[in-house]
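What follows is the content of start23.cif, which has mmCIF, N, CA and C atoms:
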data_query
loop_
_atom_site.label_atom_id
_atom_site.label_comp_id
_atom_site.auth_asym_id
_atom_site.auth_seq_id
_atom_site.Cartn_x
_atom_site.Cartn_y
_atom_site.Cartn_z
N MET A 1 71.89 61.64 17.13
CA MET A 1 70.99 62.05 18.17
C MET A 1 69.60 62.18 17.58
N LYS A 2 68.60 61.86 18.41
CA LYS A 2 67.20 61.98 18.02
C LYS A 2 66.42 62.55 19.19
N ILE A 3 65.52 63.50 18.91
CA ILE A 3 64.70 64.11 19.94
C ILE A 3 63.24 63.95 19.53
N VAL A 4 62.45 63.29 20.38
CA VAL A 4 61.06 63.00 20.07
C VAL A 4 60.17 63.53 21.19
N CYS A 5 59.05 64.10 20.80
CA CYS A 5 58.07 64.60 21.75
C CYS A 5 56.80 63.76 21.60
N GLN A 6 56.33 63.19 22.70
CA GLN A 6 55.09 62.41 22.72
C GLN A 6 54.01 63.27 23.36
N PRO A 7 52.98 63.70 22.61
CA PRO A 7 51.91 64.49 23.22
C PRO A 7 51.22 63.72 24.35
N VAL A 8 50.94 64.42 25.45
CA VAL A 8 50.26 63.80 26.60
C VAL A 8 49.18 64.75 27.11
N ASP A 9 48.21 64.18 27.85
CA ASP A 9 47.20 65.02 28.49
C ASP A 9 47.69 65.44 29.87
N ALA A 10 46.84 66.12 30.62
CA ALA A 10 47.25 66.63 31.94
C ALA A 10 47.63 65.52 32.91
N ALA A 11 47.08 64.32 32.71
CA ALA A 11 47.40 63.18 33.58
C ALA A 11 48.64 62.42 33.12
N GLY A 12 49.20 62.80 31.96
CA GLY A 12 50.40 62.14 31.45
C GLY A 12 50.13 60.99 30.49
N ALA A 13 48.86 60.78 30.11
CA ALA A 13 48.51 59.71 29.17
C ALA A 13 48.76 60.17 27.74
N ASP A 14 49.28 59.28 26.90
CA ASP A 14 49.54 59.60 25.50
C ASP A 14 48.25 60.03 24.81
N THR A 15 48.36 61.09 23.97
CA THR A 15 47.16 61.60 23.28
C THR A 15 47.31 61.63 21.77
N GLY A 16 48.42 61.26 21.24
CA GLY A 16 48.61 61.29 19.79
C GLY A 16 49.88 60.58 19.41
N SER A 17 50.27 60.76 18.17
CA SER A 17 51.48 60.12 17.66
C SER A 17 52.71 60.91 18.06
N PRO A 18 53.84 60.23 18.27
CA PRO A 18 55.10 60.93 18.58
C PRO A 18 55.50 61.87 17.44
N ILE A 19 56.12 62.98 17.80
CA ILE A 19 56.57 63.98 16.83
C ILE A 19 58.09 64.07 16.94
N THR A 20 58.79 63.82 15.85
CA THR A 20 60.25 63.92 15.85
C THR A 20 60.64 65.37 15.66
N LEU A 21 61.39 65.90 16.63
CA LEU A 21 61.82 67.29 16.60
C LEU A 21 63.23 67.45 16.04
N GLY A 22 63.91 66.37 15.85
CA GLY A 22 65.25 66.40 15.26
C GLY A 22 65.80 64.99 15.23
N ASP A 23 66.42 64.62 14.09
CA ASP A 23 66.96 63.27 13.95
C ASP A 23 68.15 63.33 13.00
N ASP A 24 69.34 63.21 13.56
CA ASP A 24 70.56 63.26 12.75
C ASP A 24 70.59 62.18 11.68
N SER A 25 69.96 61.03 11.93
CA SER A 25 70.04 59.91 11.00
C SER A 25 69.24 60.14 9.71
N VAL A 26 68.34 61.13 9.70
CA VAL A 26 67.57 61.42 8.49
C VAL A 26 67.98 62.75 7.85
N GLY A 27 69.09 63.30 8.27
CA GLY A 27 69.60 64.51 7.65
C GLY A 27 69.38 65.79 8.42
N ASP A 28 68.61 65.74 9.52
CA ASP A 28 68.50 66.93 10.36
C ASP A 28 69.85 67.15 11.03
N TYR A 29 70.13 68.39 11.37
CA TYR A 29 71.37 68.68 12.07
C TYR A 29 71.00 69.33 13.40
N ILE A 30 71.18 68.58 14.49
CA ILE A 30 70.92 69.11 15.82
C ILE A 30 72.18 69.84 16.25
N VAL A 31 72.07 71.15 16.38
CA VAL A 31 73.22 72.00 16.68
C VAL A 31 73.56 71.86 18.15
N GLY A 32 74.63 71.13 18.46
CA GLY A 32 75.00 70.89 19.85
C GLY A 32 73.97 69.98 20.51
N PRO A 33 74.25 69.49 21.69
CA PRO A 33 73.25 68.69 22.41
C PRO A 33 72.19 69.61 23.00
N PRO A 34 71.04 69.05 23.41
CA PRO A 34 70.08 69.89 24.13
C PRO A 34 70.74 70.40 25.42
N PHE A 35 70.68 71.70 25.62
CA PHE A 35 71.28 72.28 26.81
C PHE A 35 70.27 72.23 27.94
N ARG A 36 70.72 71.71 29.07
CA ARG A 36 69.83 71.53 30.22
C ARG A 36 70.17 72.55 31.29
N ALA A 37 69.14 73.10 31.88
CA ALA A 37 69.30 73.99 33.03
C ALA A 37 68.32 73.53 34.10
N GLU A 38 68.76 73.53 35.34
CA GLU A 38 67.89 73.13 36.44
C GLU A 38 67.84 74.27 37.44
N SER A 39 66.62 74.71 37.76
CA SER A 39 66.48 75.71 38.82
C SER A 39 65.79 75.05 40.00
N ARG A 40 66.13 75.53 41.19
CA ARG A 40 65.61 74.92 42.42
C ARG A 40 65.01 75.99 43.32
N LEU A 41 63.94 75.61 43.97
CA LEU A 41 63.31 76.48 44.95
C LEU A 41 64.03 76.30 46.28
N VAL A 42 64.47 77.39 46.88
CA VAL A 42 65.18 77.30 48.15
C VAL A 42 64.60 78.31 49.13
N ASP A 43 64.76 78.02 50.41
CA ASP A 43 64.44 78.97 51.48
C ASP A 43 65.75 79.52 52.01
N GLN A 44 65.75 80.79 52.32
CA GLN A 44 66.92 81.39 52.96
C GLN A 44 66.46 82.16 54.19
N ALA A 45 67.22 82.00 55.24
CA ALA A 45 66.93 82.71 56.48
C ALA A 45 68.23 83.34 57.00
N PRO A 46 68.17 84.62 57.33
CA PRO A 46 69.37 85.25 57.87
C PRO A 46 69.72 84.67 59.25
N LEU A 47 70.99 84.54 59.50
CA LEU A 47 71.45 84.05 60.80
C LEU A 47 72.19 85.18 61.50
N TYR A 48 71.86 85.41 62.76
CA TYR A 48 72.46 86.51 63.51
C TYR A 48 73.98 86.32 63.57
N GLY A 49 74.71 87.32 63.12
CA GLY A 49 76.17 87.32 63.19
C GLY A 49 76.85 86.43 62.15
N ALA A 50 76.10 85.78 61.28
CA ALA A 50 76.71 84.88 60.29
C ALA A 50 77.06 85.66 59.02
N ALA A 51 78.08 85.19 58.33
CA ALA A 51 78.50 85.83 57.08
C ALA A 51 77.51 85.55 55.95
N THR A 52 76.85 84.42 55.99
CA THR A 52 75.90 84.06 54.94
C THR A 52 74.61 83.52 55.58
N PRO A 53 73.49 83.60 54.87
CA PRO A 53 72.23 83.08 55.43
C PRO A 53 72.19 81.56 55.38
N TYR A 54 71.29 80.99 56.17
CA TYR A 54 71.02 79.56 56.11
C TYR A 54 70.19 79.31 54.84
N THR A 55 70.58 78.33 54.05
CA THR A 55 69.87 78.00 52.82
C THR A 55 69.42 76.55 52.86
N ASN A 56 68.15 76.32 52.51
CA ASN A 56 67.59 74.97 52.54
C ASN A 56 66.88 74.67 51.22
N ASP A 57 67.24 73.54 50.62
CA ASP A 57 66.62 73.10 49.36
C ASP A 57 65.19 72.64 49.63
N GLN A 58 64.23 73.17 48.86
CA GLN A 58 62.83 72.79 49.00
C GLN A 58 62.40 71.72 47.99
N GLY A 59 63.34 71.26 47.17
CA GLY A 59 62.96 70.33 46.11
C GLY A 59 62.35 71.12 44.97
N ASN A 60 61.27 70.63 44.39
CA ASN A 60 60.58 71.34 43.31
C ASN A 60 61.52 71.81 42.22
N ARG A 61 62.34 70.91 41.75
CA ARG A 61 63.28 71.26 40.70
C ARG A 61 62.56 71.46 39.37
N ARG A 62 62.99 72.46 38.63
CA ARG A 62 62.43 72.71 37.31
C ARG A 62 63.55 72.58 36.29
N ASN A 63 63.38 71.64 35.39
CA ASN A 63 64.37 71.44 34.34
C ASN A 63 63.92 72.16 33.08
N SER A 64 64.87 72.74 32.38
CA SER A 64 64.60 73.39 31.11
C SER A 64 65.60 72.87 30.09
N TYR A 65 65.14 72.72 28.85
CA TYR A 65 65.99 72.25 27.77
C TYR A 65 65.81 73.17 26.58
N SER A 66 66.89 73.43 25.87
CA SER A 66 66.80 74.19 24.63
C SER A 66 67.78 73.61 23.62
N TRP A 67 67.36 73.62 22.38
CA TRP A 67 68.21 73.11 21.30
C TRP A 67 67.77 73.73 19.98
N THR A 68 68.62 73.60 18.98
CA THR A 68 68.37 74.14 17.66
C THR A 68 68.51 73.02 16.63
N VAL A 69 67.61 73.01 15.66
CA VAL A 69 67.63 71.98 14.60
C VAL A 69 67.61 72.66 13.24
N GLU A 70 68.57 72.28 12.40
CA GLU A 70 68.60 72.73 11.01
C GLU A 70 68.06 71.61 10.14
N ARG A 71 67.13 71.95 9.23
CA ARG A 71 66.52 70.95 8.35
C ARG A 71 66.54 71.44 6.91
N GLU A 72 66.59 70.48 5.98
CA GLU A 72 66.39 70.80 4.57
C GLU A 72 65.09 70.17 4.12
N HIS A 73 64.33 70.91 3.32
CA HIS A 73 63.04 70.47 2.81
C HIS A 73 63.15 70.24 1.30
N ALA A 74 62.17 69.60 0.73
CA ALA A 74 62.22 69.26 -0.70
C ALA A 74 62.18 70.49 -1.59
N THR A 75 61.39 71.49 -1.20
CA THR A 75 61.24 72.70 -2.01
C THR A 75 61.20 73.92 -1.10
N LYS A 76 61.34 75.10 -1.70
CA LYS A 76 61.22 76.34 -0.94
C LYS A 76 59.80 76.49 -0.38
N ALA A 77 58.80 76.07 -1.16
CA ALA A 77 57.41 76.13 -0.69
C ALA A 77 57.21 75.23 0.53
N ALA A 78 57.82 74.05 0.52
CA ALA A 78 57.71 73.14 1.67
C ALA A 78 58.40 73.74 2.89
N ALA A 79 59.53 74.40 2.69
CA ALA A 79 60.24 75.05 3.80
C ALA A 79 59.39 76.18 4.39
N THR A 80 58.76 76.96 3.52
CA THR A 80 57.91 78.06 3.98
C THR A 80 56.70 77.52 4.73
N ALA A 81 56.10 76.46 4.21
CA ALA A 81 54.95 75.85 4.90
C ALA A 81 55.36 75.32 6.27
N PHE A 82 56.52 74.70 6.35
CA PHE A 82 57.01 74.20 7.64
C PHE A 82 57.25 75.37 8.60
N ASN A 83 57.89 76.41 8.10
CA ASN A 83 58.17 77.61 8.90
C ASN A 83 56.89 78.18 9.50
N LEU A 84 55.86 78.30 8.69
CA LEU A 84 54.63 78.96 9.13
C LEU A 84 53.69 78.06 9.93
N GLY A 85 53.80 76.74 9.81
CA GLY A 85 52.86 75.86 10.47
C GLY A 85 53.41 74.97 11.57
N HIS A 86 54.74 74.84 11.65
CA HIS A 86 55.32 73.87 12.57
C HIS A 86 54.98 74.14 14.04
N ALA A 87 55.14 75.37 14.49
CA ALA A 87 54.91 75.68 15.91
C ALA A 87 53.48 75.32 16.33
N ASN A 88 52.50 75.58 15.47
CA ASN A 88 51.11 75.27 15.81
C ASN A 88 50.82 73.78 15.81
N SER A 89 51.71 72.97 15.22
CA SER A 89 51.48 71.53 15.18
C SER A 89 51.97 70.82 16.44
N LEU A 90 52.66 71.54 17.31
CA LEU A 90 53.23 70.93 18.51
C LEU A 90 52.26 71.02 19.68
N PRO A 91 52.26 70.00 20.55
CA PRO A 91 51.32 69.98 21.68
C PRO A 91 51.75 70.94 22.78
N GLY A 92 50.83 71.23 23.69
CA GLY A 92 51.18 72.03 24.86
C GLY A 92 52.00 71.22 25.85
N ASN A 93 51.58 69.98 26.10
CA ASN A 93 52.27 69.12 27.07
C ASN A 93 52.81 67.89 26.35
N CYS A 94 53.98 67.43 26.79
CA CYS A 94 54.57 66.27 26.14
C CYS A 94 55.55 65.55 27.07
N ARG A 95 55.95 64.39 26.62
CA ARG A 95 57.05 63.64 27.23
C ARG A 95 58.17 63.69 26.21
N LEU A 96 59.32 64.16 26.62
CA LEU A 96 60.47 64.34 25.73
C LEU A 96 61.42 63.16 25.87
N THR A 97 61.84 62.59 24.74
CA THR A 97 62.83 61.52 24.73
C THR A 97 64.02 61.97 23.90
N ILE A 98 65.19 61.94 24.50
CA ILE A 98 66.44 62.29 23.82
C ILE A 98 67.25 61.01 23.72
N THR A 99 67.60 60.62 22.50
CA THR A 99 68.35 59.40 22.25
C THR A 99 69.70 59.75 21.67
N GLU A 100 70.74 59.22 22.27
CA GLU A 100 72.10 59.38 21.76
C GLU A 100 72.74 58.01 21.78
N GLY A 101 72.95 57.43 20.59
CA GLY A 101 73.46 56.06 20.52
C GLY A 101 72.46 55.11 21.12
N ALA A 102 72.91 54.29 22.08
CA ALA A 102 72.02 53.32 22.72
C ALA A 102 71.35 53.88 23.97
N ALA A 103 71.69 55.10 24.37
CA ALA A 103 71.14 55.68 25.61
C ALA A 103 69.92 56.54 25.32
N ASP A 104 68.89 56.37 26.15
CA ASP A 104 67.67 57.19 26.09
C ASP A 104 67.50 57.94 27.40
N TRP A 105 67.09 59.21 27.30
CA TRP A 105 66.71 59.98 28.47
C TRP A 105 65.28 60.42 28.24
N ARG A 106 64.39 60.07 29.16
CA ARG A 106 62.97 60.43 29.04
C ARG A 106 62.63 61.44 30.12
N HIS A 107 61.93 62.47 29.71
CA HIS A 107 61.56 63.55 30.62
C HIS A 107 60.05 63.74 30.54
N ALA A 108 59.38 63.54 31.66
CA ALA A 108 57.91 63.64 31.72
C ALA A 108 57.50 65.06 32.13
N GLY A 109 56.28 65.41 31.82
CA GLY A 109 55.72 66.69 32.27
C GLY A 109 56.33 67.90 31.62
N CYS A 110 56.67 67.83 30.35
CA CYS A 110 57.29 68.96 29.66
C CYS A 110 56.24 69.86 29.00
N THR A 111 56.56 71.13 28.92
CA THR A 111 55.73 72.10 28.22
C THR A 111 56.63 72.97 27.36
N PHE A 112 56.24 73.18 26.11
CA PHE A 112 57.01 74.08 25.25
C PHE A 112 56.87 75.51 25.74
N THR A 113 57.98 76.20 25.88
CA THR A 113 57.94 77.62 26.23
C THR A 113 58.28 78.49 25.03
N ALA A 114 58.93 77.90 24.01
CA ALA A 114 59.23 78.65 22.78
C ALA A 114 59.52 77.67 21.65
N VAL A 115 58.98 78.00 20.49
CA VAL A 115 59.29 77.31 19.23
C VAL A 115 59.48 78.44 18.23
N GLU A 116 60.71 78.63 17.78
CA GLU A 116 61.02 79.82 17.01
C GLU A 116 61.80 79.46 15.75
N CYS A 117 61.32 79.93 14.60
CA CYS A 117 62.10 79.79 13.37
C CYS A 117 63.10 80.94 13.38
N VAL A 118 64.38 80.61 13.50
CA VAL A 118 65.40 81.65 13.57
C VAL A 118 66.01 81.95 12.21
N LEU A 119 65.77 81.05 11.21
CA LEU A 119 66.34 81.30 9.88
C LEU A 119 65.63 80.42 8.86
N GLN A 120 65.32 81.03 7.71
CA GLN A 120 64.89 80.26 6.54
C GLN A 120 65.67 80.79 5.36
N THR A 121 66.42 79.89 4.74
CA THR A 121 67.21 80.25 3.57
C THR A 121 66.92 79.22 2.48
N GLY A 122 66.19 79.62 1.44
CA GLY A 122 65.86 78.69 0.37
C GLY A 122 65.06 77.52 0.92
N ILE A 123 65.62 76.31 0.80
CA ILE A 123 64.91 75.10 1.24
C ILE A 123 65.27 74.70 2.67
N ALA A 124 66.06 75.50 3.35
CA ALA A 124 66.52 75.15 4.71
C ALA A 124 65.82 76.01 5.76
N THR A 125 65.48 75.37 6.89
CA THR A 125 64.94 76.09 8.04
C THR A 125 65.76 75.75 9.27
N THR A 126 65.84 76.70 10.19
CA THR A 126 66.49 76.49 11.48
C THR A 126 65.51 76.89 12.57
N PHE A 127 65.19 75.92 13.43
CA PHE A 127 64.25 76.15 14.52
C PHE A 127 64.95 76.01 15.86
N ARG A 128 64.57 76.88 16.81
CA ARG A 128 65.04 76.79 18.20
C ARG A 128 63.84 76.38 19.05
N TYR A 129 64.07 75.36 19.89
CA TYR A 129 63.04 74.84 20.78
C TYR A 129 63.45 75.07 22.22
N SER A 130 62.46 75.38 23.06
CA SER A 130 62.68 75.46 24.50
C SER A 130 61.53 74.77 25.19
N ILE A 131 61.88 73.93 26.15
CA ILE A 131 60.90 73.17 26.94
C ILE A 131 61.25 73.35 28.40
N THR A 132 60.24 73.41 29.25
CA THR A 132 60.49 73.49 30.69
C THR A 132 59.59 72.51 31.42
N GLY A 133 59.96 72.21 32.66
CA GLY A 133 59.16 71.38 33.53
C GLY A 133 59.49 69.91 33.50
N GLY A 134 60.42 69.51 32.69
CA GLY A 134 60.71 68.09 32.55
C GLY A 134 61.28 67.46 33.80
N THR A 135 60.68 66.35 34.21
CA THR A 135 61.19 65.53 35.31
C THR A 135 61.86 64.32 34.70
N LEU A 136 63.12 64.09 35.03
CA LEU A 136 63.83 62.95 34.49
C LEU A 136 63.12 61.67 34.94
N ALA A 137 62.52 60.97 33.96
CA ALA A 137 61.75 59.77 34.27
C ALA A 137 62.62 58.52 34.16
N SER A 138 63.60 58.53 33.26
CA SER A 138 64.49 57.38 33.11
C SER A 138 65.73 57.82 32.36
N ALA A 139 66.81 57.08 32.57
CA ALA A 139 68.05 57.37 31.85
C ALA A 139 68.71 56.07 31.49
#
As structure tokens - that is how I would like this structure written.
Amino acid sequence: MKIVCQPVDAAGADTGSPITLGDDSVGDYIVGPPFRAESRLVDQAPLYGAATPYTNDQGNRRNSYSWTVEREHATKAAATAFNLGHANSLPGNCRLTITEGAADWRHAGCTFTAVECVLQTGIATTFRYSITGGTLASA
């Protein structure tokens, strides 16, 4: 599995080089697949005498993804530098691409909501990422 973030501007145009957030083929360990959650805006109206209200989907789906990546660095100093600087190196807005085998899923309009170093042990770091707002652009 490989997860790549392409920085974009507010209009969705590419603004920099792609950033790899995890790649099993180079020794990163993506813990489980990215977990996806979708929330939807709905209207509800009570109905006289009904057991449940009328519910109507308004669209405006919001997708959220979270995943964890374990990495090994060349030295403890490199791991510490990555720990302290990685979150600031990530863009506010991006297009997320998740690749598993020959399949790609691209999600446009993503924003990082959390980038957290959850563990640093010697030369290894573990980061948890959370992104929201992604619209499935292709699968």
Determine, counting only C-alpha atoms, every residue of protein, DNA or RNA that lies within 12 Å of (58.0, 65.1, 28.9) in the file coordinates, then give the result as a PyMOL selection string. chain A and resi 3-14+18+63-65+91-98+105-112+131-138
What's the 8 Å shell around A:Ala87, counting all atoms listed in the file, without same-chain residues fewer than 3 positions away, as a list in words? Phe82, Asn83, Leu84, Leu90, Pro91, Ala114, Val115, Glu116 and Cys117 of chain A
DSSP strand (DSSP E) selection over chain A, as a VMD selection string: chain A and resid 2 to 7 19 to 23 29 to 39 42 to 45 54 to 57 62 to 72 93 to 100 103 to 121 124 to 132 135 to 138
Would you return as a list in words the members of stretch 8-114 of chain A that DSSP assigns to helix (DSSP H, G or I) on this structure's backbone? Asp24, Ser25, Val26, Lys76, Ala77, Ala78, Ala79, Thr80, Ala81, Phe82, Asn83, Leu84, Gly85, Ala87, Asn88 and Ser89 of chain A
So how many Å separate atom C of A:Gly22 and atom N of A:Ala74, to one decimal?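 Between atom C of A:Gly22 and atom N of A:Ala74 the gap is 15.6 Å.
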So, counting only C-alpha atoms, which residue among A:Ala79, A:Val69, A:Val118, A:Ala45 is closest to A:Gly27?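 Using only C-alpha atoms, A:Gly27 sits closest to A:Val69.
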I need the residue nearest A:Glu100 from this list: A:Ser39, A:Ser25, A:Asn60, A:Thr15. Use only C-alpha atoms for the distance.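 Between A:Ser39, A:Ser25, A:Asn60, A:Thr15, the residue approaching A:Glu100 most closely is A:Ser25.
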Rank nothing, just name the residue among A:Gln120, A:Thr55, A:Ser89, A:Thr99 nearest to A:Ile19, using only C-alpha atoms.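 Going through A:Gln120, A:Thr55, A:Ser89, A:Thr99 one by one, the smallest distance to A:Ile19 is for A:Ser89.
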Evaluate the PyMOL selection byres ((chain A and resi 59) around 8) and report residues as a list in words: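 On this input, the PyMOL selection byres ((chain A and resi 59) around 8) captures Ser39, Arg40, Leu41, Val42, Asp43, Asn56, Asp57, Gln58, Asn60, Arg61 and Arg62 of chain A.
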Minimum-distance residue to A:Ser130, chosen among A:Glu38, A:Tyr29, A:Ser66, A:Asn88 (using all atoms listed in the file):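 Of A:Glu38, A:Tyr29, A:Ser66, A:Asn88, the one nearest A:Ser130, counting all atoms listed in the file, is A:Ser66.
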Computed interatomic separation between atom CA of A:Asp104 and atom N of A:Trp67 (Å):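 Taking atom CA of A:Asp104 and atom N of A:Trp67, their separation equals 16.8 Å.
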To one decimal place, how far is atom CA of A:Val31 from atom C of A:Gly85 in Å?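 Going from atom CA of A:Val31 over to atom C of A:Gly85, I get 20.7 Å.
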